[in-house]
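The structure under discussion appears below in the form of structure tokens.
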Amino acid sequence: MSIKHTHHQAHTHHGHHHLKNDAGLPAILDLLEDTAVEMDDVIRSLEKSETLSTLVRTEAESVVKASVFTREVKSLKHAVALLGLNRLHALLVAQKTLQDQEFHRSA
């Protein structure tokens with residue numbers, strides 16, 4: 001659907017390039033599963049995808065609303081810090097599962 005179908009995404013050659021806005025999702029999951037991961041790398045990868053940035057911030061906002069300390073989520077970095085790696089990983093795994101299902105349904 002998207003006009004930006006350039007072939008620089010060809011390097012994701014394990015069937016993920018059909019997700020039009022999230023070539024980064026499997027890569028981010030790989031990052032999160034690496035124990036030596038740098039948070040900045042994760043955040044930088046998330047920032048490349050508006051879908052994922054929004055997803056993470058929305059999730060962080062719901063966490064903040066449920067907490068005693070009402071703070072606003074100021075940035076993606078703040079959102080990631082609020083969620084923590086485990087929560088972030090679970091969120092992205094769920095998102096990927098969702099997308100895979102959508103793809104199979106439309107295929």
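Letters A, B, ... go to the chains of the structure tokens in the order shown; residues in each chain start at 1; ligands are counted from 1 in the same order.
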key: All residues 9 Å or closer to segment 36-46 of chain A, only C-alpha atoms, same chain fewer than 6 positions away omitted, as a VMD selection string   = chain A and resid 24 to 25 27 to 28 52 to 53 56 76 to 77 80 to 81 85
query = Which residues come within 10 Å of Lys96 of chain A, counting only C-alpha atoms, excluding same-chain residues fewer than 2 positions away, as a PyMOL selection string?
reply = chain A and resi 19+22+25-26+29+90-94+98-102
query = Quick one: distance from atom CA of Arg57 of chain A to atom CA of Ala79 of chain A in Å, one decimal?
reply = 5.4 Å
inquiry  = Would you compute the distance between atom CA of Asp34 of chain A and atom CA of Val64 of chain A? Give it in Å to one decimal.
reply    =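 That distance, rounded to one decimal, is 26.9 Å.
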key: Length of the atom CA of Thr35 of chain A to atom CA of Lys48 of chain A vector [Å]   =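 Interatomic distance, atom CA of Thr35 of chain A to atom CA of Lys48 of chain A: 21.9 Å.
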His78 of chain A: which residues within 10 Å, counting only C-alpha atoms, same-chain residues fewer than 5 positions away excluded, as a PDB file with N, CA and C atoms, in the first residue's frame?
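Heads up, here's the output in out-v5.pdb:
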```pdb
ATOM      1  N   ILE A  43      16.051   2.490  21.772  1.00  0.00           N
ATOM      2  CA  ILE A  43      15.263   3.704  21.578  1.00  0.00           C
ATOM      3  C   ILE A  43      15.428   4.238  20.164  1.00  0.00           C
ATOM      4  N   ARG A  57       4.703   4.575  23.713  1.00  0.00           N
ATOM      5  CA  ARG A  57       4.291   5.737  24.517  1.00  0.00           C
ATOM      6  C   ARG A  57       2.896   5.550  25.076  1.00  0.00           C
ATOM      7  N   ALA A  60       3.102   3.220  27.949  1.00  0.00           N
ATOM      8  CA  ALA A  60       3.713   3.874  29.105  1.00  0.00           C
ATOM      9  C   ALA A  60       2.714   4.821  29.770  1.00  0.00           C
ATOM     10  N   GLU A  72       3.745  12.782  33.304  1.00  0.00           N
ATOM     11  CA  GLU A  72       3.477  12.625  31.888  1.00  0.00           C
ATOM     12  C   GLU A  72       4.667  11.950  31.237  1.00  0.00           C
ATOM     13  N   VAL A  73       4.376  11.252  30.162  1.00  0.00           N
ATOM     14  CA  VAL A  73       5.441  10.581  29.436  1.00  0.00           C
ATOM     15  C   VAL A  73       6.045  11.610  28.497  1.00  0.00           C
ATOM     16  N   LEU A  83       8.387   1.605  31.256  1.00  0.00           N
ATOM     17  CA  LEU A  83       7.933   0.247  30.987  1.00  0.00           C
ATOM     18  C   LEU A  83       8.920  -0.793  31.494  1.00  0.00           C
ATOM     19  N   GLY A  84      10.204  -0.493  31.317  1.00  0.00           N
ATOM     20  CA  GLY A  84      11.205  -1.493  31.640  1.00  0.00           C
ATOM     21  C   GLY A  84      11.329  -2.486  30.490  1.00  0.00           C
TER      22      GLY A  84
END
```
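Closest approach to His89 of chain A among A:Leu32, A:Ser106, A:Thr51, A:Lys65 is made by A:Leu32 (distances from only C-alpha atoms).
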